[in-house]
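Shown next: input-v9.pdb, containing PDB, C-alpha atoms.
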```pdb
ATOM      1  CA  GLN S 637       0.000   0.000   0.000  1.00  0.00           C
ATOM      2  CA  VAL S 638       1.483   3.315  -1.106  1.00  0.00           C
ATOM      3  CA  GLN S 639       1.530   5.925   1.605  1.00  0.00           C
ATOM      4  CA  LEU S 640       3.071   9.356   2.149  1.00  0.00           C
ATOM      5  CA  VAL S 641       3.200  10.833   5.636  1.00  0.00           C
ATOM      6  CA  GLU S 642       4.266  14.397   6.349  1.00  0.00           C
ATOM      7  CA  SER S 643       5.539  15.756   9.630  1.00  0.00           C
ATOM      8  CA  GLY S 644       7.438  18.727  11.004  1.00  0.00           C
ATOM      9  CA  GLY S 645       4.864  21.476  10.727  1.00  0.00           C
ATOM     10  CA  GLY S 646       4.044  23.853  13.526  1.00  0.00           C
ATOM     11  CA  LEU S 647       3.920  27.441  14.699  1.00  0.00           C
ATOM     12  CA  VAL S 648       7.002  29.562  14.071  1.00  0.00           C
ATOM     13  CA  GLN S 649       7.796  33.255  14.268  1.00  0.00           C
ATOM     14  CA  PRO S 650       8.597  35.256  11.136  1.00  0.00           C
ATOM     15  CA  GLY S 651      12.207  34.715  10.205  1.00  0.00           C
ATOM     16  CA  GLY S 652      12.237  31.274  11.774  1.00  0.00           C
ATOM     17  CA  SER S 653      12.854  27.864  10.261  1.00  0.00           C
ATOM     18  CA  LEU S 654      11.167  24.491   9.996  1.00  0.00           C
ATOM     19  CA  ARG S 655      12.036  21.210   8.356  1.00  0.00           C
ATOM     20  CA  LEU S 656       9.225  19.158   6.913  1.00  0.00           C
ATOM     21  CA  SER S 657       9.589  15.432   6.299  1.00  0.00           C
ATOM     22  CA  CYS S 658       7.762  13.228   3.830  1.00  0.00           C
ATOM     23  CA  VAL S 659       8.169   9.520   4.527  1.00  0.00           C
ATOM     24  CA  ALA S 660       7.181   7.153   1.739  1.00  0.00           C
ATOM     25  CA  SER S 661       6.096   3.569   2.303  1.00  0.00           C
ATOM     26  CA  GLY S 662       4.890   0.880  -0.047  1.00  0.00           C
ATOM     27  CA  PHE S 663       7.343   1.875  -2.755  1.00  0.00           C
ATOM     28  CA  THR S 664      10.922   3.018  -3.133  1.00  0.00           C
ATOM     29  CA  LEU S 665      11.725   6.507  -4.255  1.00  0.00           C
ATOM     30  CA  ASP S 666      14.349   5.637  -6.847  1.00  0.00           C
ATOM     31  CA  TYR S 667      12.423   6.472 -10.004  1.00  0.00           C
ATOM     32  CA  TYR S 668       9.879   8.937  -8.774  1.00  0.00           C
ATOM     33  CA  ALA S 669       9.540  12.657  -8.367  1.00  0.00           C
ATOM     34  CA  ILE S 670       8.425  14.065  -5.047  1.00  0.00           C
ATOM     35  CA  GLY S 671       6.800  17.450  -4.859  1.00  0.00           C
ATOM     36  CA  TRP S 672       5.741  19.728  -2.056  1.00  0.00           C
ATOM     37  CA  PHE S 673       2.567  21.742  -2.427  1.00  0.00           C
ATOM     38  CA  ARG S 674       0.831  24.158  -0.093  1.00  0.00           C
ATOM     39  CA  GLN S 675      -2.658  25.507   0.263  1.00  0.00           C
ATOM     40  CA  ALA S 676      -3.649  28.498   2.339  1.00  0.00           C
ATOM     41  CA  PRO S 677      -7.256  29.181   3.361  1.00  0.00           C
ATOM     42  CA  GLY S 678      -9.229  30.631   0.468  1.00  0.00           C
ATOM     43  CA  LYS S 679      -6.389  30.083  -2.000  1.00  0.00           C
ATOM     44  CA  GLU S 680      -5.593  27.520  -4.637  1.00  0.00           C
ATOM     45  CA  ARG S 681      -3.032  24.821  -4.045  1.00  0.00           C
ATOM     46  CA  GLU S 682       0.374  25.852  -5.339  1.00  0.00           C
ATOM     47  CA  GLY S 683       3.576  24.016  -6.044  1.00  0.00           C
ATOM     48  CA  VAL S 684       6.456  24.839  -3.727  1.00  0.00           C
ATOM     49  CA  SER S 685       9.287  22.525  -4.766  1.00  0.00           C
ATOM     50  CA  CYS S 686      10.056  19.232  -6.446  1.00  0.00           C
ATOM     51  CA  ILE S 687      12.937  16.785  -6.580  1.00  0.00           C
ATOM     52  CA  ASN S 688      13.503  14.161  -9.259  1.00  0.00           C
ATOM     53  CA  LEU S 689      14.892  11.125  -7.499  1.00  0.00           C
ATOM     54  CA  SER S 690      16.449   9.664 -10.642  1.00  0.00           C
ATOM     55  CA  ASP S 691      18.947  12.482 -11.045  1.00  0.00           C
ATOM     56  CA  GLY S 692      18.498  14.786  -8.062  1.00  0.00           C
ATOM     57  CA  SER S 693      17.325  17.744 -10.117  1.00  0.00           C
ATOM     58  CA  THR S 694      15.243  20.231  -8.181  1.00  0.00           C
ATOM     59  CA  TYR S 695      12.687  22.931  -8.857  1.00  0.00           C
ATOM     60  CA  TYR S 696      11.390  25.789  -6.723  1.00  0.00           C
ATOM     61  CA  ALA S 697       8.605  28.302  -6.915  1.00  0.00           C
ATOM     62  CA  ASP S 698       9.898  31.853  -7.283  1.00  0.00           C
ATOM     63  CA  SER S 699       8.310  32.776  -3.960  1.00  0.00           C
ATOM     64  CA  VAL S 700      10.539  30.359  -2.035  1.00  0.00           C
ATOM     65  CA  LYS S 701      13.793  30.368  -4.021  1.00  0.00           C
ATOM     66  CA  GLY S 702      16.771  31.031  -1.801  1.00  0.00           C
ATOM     67  CA  ARG S 703      14.762  30.270   1.349  1.00  0.00           C
ATOM     68  CA  PHE S 704      13.584  26.662   0.926  1.00  0.00           C
ATOM     69  CA  THR S 705      15.695  23.602   0.149  1.00  0.00           C
ATOM     70  CA  ILE S 706      14.412  20.191  -0.891  1.00  0.00           C
ATOM     71  CA  SER S 707      16.545  17.132  -0.247  1.00  0.00           C
ATOM     72  CA  ARG S 708      16.279  13.378   0.024  1.00  0.00           C
ATOM     73  CA  ASP S 709      17.535  10.464   2.074  1.00  0.00           C
ATOM     74  CA  ASN S 710      17.085   7.333  -0.020  1.00  0.00           C
ATOM     75  CA  ALA S 711      18.046   5.050   2.844  1.00  0.00           C
ATOM     76  CA  LYS S 712      15.158   6.432   4.874  1.00  0.00           C
ATOM     77  CA  ASN S 713      12.783   6.745   1.892  1.00  0.00           C
ATOM     78  CA  THR S 714      12.299  10.324   2.993  1.00  0.00           C
ATOM     79  CA  VAL S 715      12.213  13.708   1.301  1.00  0.00           C
ATOM     80  CA  TYR S 716      12.751  16.883   3.321  1.00  0.00           C
ATOM     81  CA  LEU S 717      11.794  20.502   2.830  1.00  0.00           C
ATOM     82  CA  ARG S 718      13.977  22.865   4.808  1.00  0.00           C
ATOM     83  CA  MET S 719      12.256  26.231   5.161  1.00  0.00           C
ATOM     84  CA  ASN S 720      14.265  29.239   6.319  1.00  0.00           C
ATOM     85  CA  SER S 721      13.392  32.929   6.687  1.00  0.00           C
ATOM     86  CA  LEU S 722       9.738  32.063   6.967  1.00  0.00           C
ATOM     87  CA  LYS S 723       7.158  34.751   6.288  1.00  0.00           C
ATOM     88  CA  PRO S 724       3.511  35.036   7.333  1.00  0.00           C
ATOM     89  CA  GLU S 725       2.544  34.420   3.699  1.00  0.00           C
ATOM     90  CA  ASP S 726       4.130  30.966   3.943  1.00  0.00           C
ATOM     91  CA  THR S 727       1.319  29.929   6.276  1.00  0.00           C
ATOM     92  CA  ALA S 728      -0.508  26.978   4.720  1.00  0.00           C
ATOM     93  CA  VAL S 729      -1.090  23.256   4.839  1.00  0.00           C
ATOM     94  CA  TYR S 730       1.920  21.629   3.204  1.00  0.00           C
ATOM     95  CA  SER S 731       1.507  18.310   1.426  1.00  0.00           C
ATOM     96  CA  CYS S 732       3.944  16.047  -0.340  1.00  0.00           C
ATOM     97  CA  ALA S 733       3.063  14.090  -3.443  1.00  0.00           C
ATOM     98  CA  ALA S 734       4.682  11.400  -5.570  1.00  0.00           C
ATOM     99  CA  ALA S 735       4.765  11.322  -9.350  1.00  0.00           C
ATOM    100  CA  LEU S 736       5.416   8.057 -11.196  1.00  0.00           C
ATOM    101  CA  ARG S 737       7.950   9.615 -13.542  1.00  0.00           C
ATOM    102  CA  THR S 738      10.675  12.198 -13.713  1.00  0.00           C
ATOM    103  CA  LEU S 739       9.172  15.652 -14.170  1.00  0.00           C
ATOM    104  CA  TYR S 740      10.683  18.264 -16.446  1.00  0.00           C
ATOM    105  CA  GLY S 741      10.137  21.957 -16.951  1.00  0.00           C
ATOM    106  CA  SER S 742       6.846  23.248 -15.612  1.00  0.00           C
ATOM    107  CA  ASP S 743       5.343  19.746 -15.235  1.00  0.00           C
ATOM    108  CA  TRP S 744       6.436  19.680 -11.611  1.00  0.00           C
ATOM    109  CA  TYR S 745       4.042  22.477 -10.770  1.00  0.00           C
ATOM    110  CA  VAL S 746       0.936  20.659 -12.004  1.00  0.00           C
ATOM    111  CA  PRO S 747      -0.951  18.731  -9.296  1.00  0.00           C
ATOM    112  CA  HIS S 748      -2.426  16.146 -11.652  1.00  0.00           C
ATOM    113  CA  GLU S 749       1.081  14.947 -12.564  1.00  0.00           C
ATOM    114  CA  TYR S 750       1.204  13.380  -9.095  1.00  0.00           C
ATOM    115  CA  SER S 751      -0.443  10.062  -8.288  1.00  0.00           C
ATOM    116  CA  TYR S 752      -0.097   9.840  -4.519  1.00  0.00           C
ATOM    117  CA  TRP S 753      -0.647  12.480  -1.860  1.00  0.00           C
ATOM    118  CA  GLY S 754      -0.076  12.772   1.847  1.00  0.00           C
ATOM    119  CA  GLN S 755      -2.542  14.247   4.293  1.00  0.00           C
ATOM    120  CA  GLY S 756      -0.591  17.421   4.910  1.00  0.00           C
ATOM    121  CA  THR S 757       0.965  19.246   7.826  1.00  0.00           C
ATOM    122  CA  GLN S 758       0.058  22.731   9.022  1.00  0.00           C
ATOM    123  CA  VAL S 759       2.669  25.466   8.967  1.00  0.00           C
ATOM    124  CA  THR S 760       1.767  28.721  10.682  1.00  0.00           C
ATOM    125  CA  VAL S 761       4.100  31.717  10.620  1.00  0.00           C
ATOM    126  CA  SER S 762       3.016  34.321  13.108  1.00  0.00           C
ATOM    127  CA  SER S 763       4.358  36.490  15.899  1.00  0.00           C
TER
END
```
Can you present the structure in this file as structure tokens?
Amino acid sequence: QVQLVESGGGLVQPGGSLRLSCVASGFTLDYYAIGWFRQAPGKEREGVSCINLSDGSTYYADSVKGRFTISRDNAKNTVYLRMNSLKPEDTAVYSCAAALRTLYGSDWYVPHEYSYWGQGTQVTVSS
């Protein structure tokens, strides 16, 4: 059974940091792409970052470039999203998702490219 479980969310002050984890079970990550998406209340879901596990290539939304870093630990079947310099506008439910192929160009940003989704973890940035 394929499953993605996120953790690491919470309440943090502006300028703070969090590291989100996405643990995959039921499959190995070797040939997949893992993306992070977020959805704030009243807003559409948006892509945050993606990593292709075949070659390690990464993508980031312009709004998080230079602040967020996506990484992987194949031995732990886990993908991380390190979030630094957090802003109130980063507040959202963050979900990870797995695509069954390597994603190129703007494909990574499209939710329907992903076949499996986690339940999400809340990130709140507030003083």
### For S:Leu739: contacts at 8 Å, all atoms listed in the file, fewer than 4 positions along chain excluded, given as a PyMOL selection string
chain S and resi 669+688+735+743-744
### Ground truth for the PyMOL selection byres ((chain S and resi 709-717) around 10), written as a PyMOL selection string
chain S and resi 640-644+654-661+663-666+670-672+684-687+689+704-708+718-720+730+732
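Using all atoms listed in the file, the protein and nucleic acid residues lying no more than 12 Å from S:Lys679, apart from those fewer than 3 places from it along its own chain, are Arg674, Gln675, Ala676, Glu682, Glu725, Thr727, Ala728 and Val729 of chain S.
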As an mmCIF file with C-alpha atoms, in the frame of the given file, please: the residues near stretch 746-749 of chain S (cut-off 9 Å, all atoms listed in the file, same-chain neighbours under 6 positions excluded).
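What ended up in result_18.cif:
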```cif
data_model
loop_
_atom_site.group_PDB
_atom_site.id
_atom_site.type_symbol
_atom_site.label_atom_id
_atom_site.label_comp_id
_atom_site.auth_asym_id
_atom_site.auth_seq_id
_atom_site.Cartn_x
_atom_site.Cartn_y
_atom_site.Cartn_z
ATOM 1 C CA PHE S 673 2.567 21.742 -2.427
ATOM 2 C CA ARG S 681 -3.032 24.821 -4.045
ATOM 3 C CA GLU S 682 0.374 25.852 -5.339
ATOM 4 C CA GLY S 683 3.576 24.016 -6.044
ATOM 5 C CA ALA S 733 3.063 14.090 -3.443
ATOM 6 C CA ALA S 734 4.682 11.400 -5.570
ATOM 7 C CA ALA S 735 4.765 11.322 -9.350
ATOM 8 C CA LEU S 736 5.416 8.057 -11.196
ATOM 9 C CA ARG S 737 7.950 9.615 -13.542
ATOM 10 C CA LEU S 739 9.172 15.652 -14.170
#
```
So for stretch 749-754 of chain S, what box centre and size do we get, axis-aligned, 5 Å extra on each of the six sides, every listed atom, Å to one decimal, as lines of an AutoDock Vina configuration file?
```
center_x = 0.3
center_y = 12.4
center_z = -5.4
size_x = 11.9
size_y = 15.1
size_z = 24.4
```
### Task
Using all atoms listed in the file, find the one residue out of S:Thr738, S:Pro677, S:Ser721, S:Asp726 that sits nearest to S:Asp691.
S:Thr738
### Message
Between atom CA of S:Val761 and atom CA of S:Gly692, what is the distance in Å, rounded to a tenth?
### Response
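Between these atoms lies a distance of 29.0 Å.
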### Message
So the first atom is atom CA of S:Lys701 and the second is atom CA of S:Ser742; what is the distance between them in Å, to one decimal place?
### Response
15.3 Å
#### Entry: Between atom CA of S:Gly651 and atom CA of S:Gly754 - distance in Å to one decimal
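Here the two named atoms are 26.5 Å from each other.
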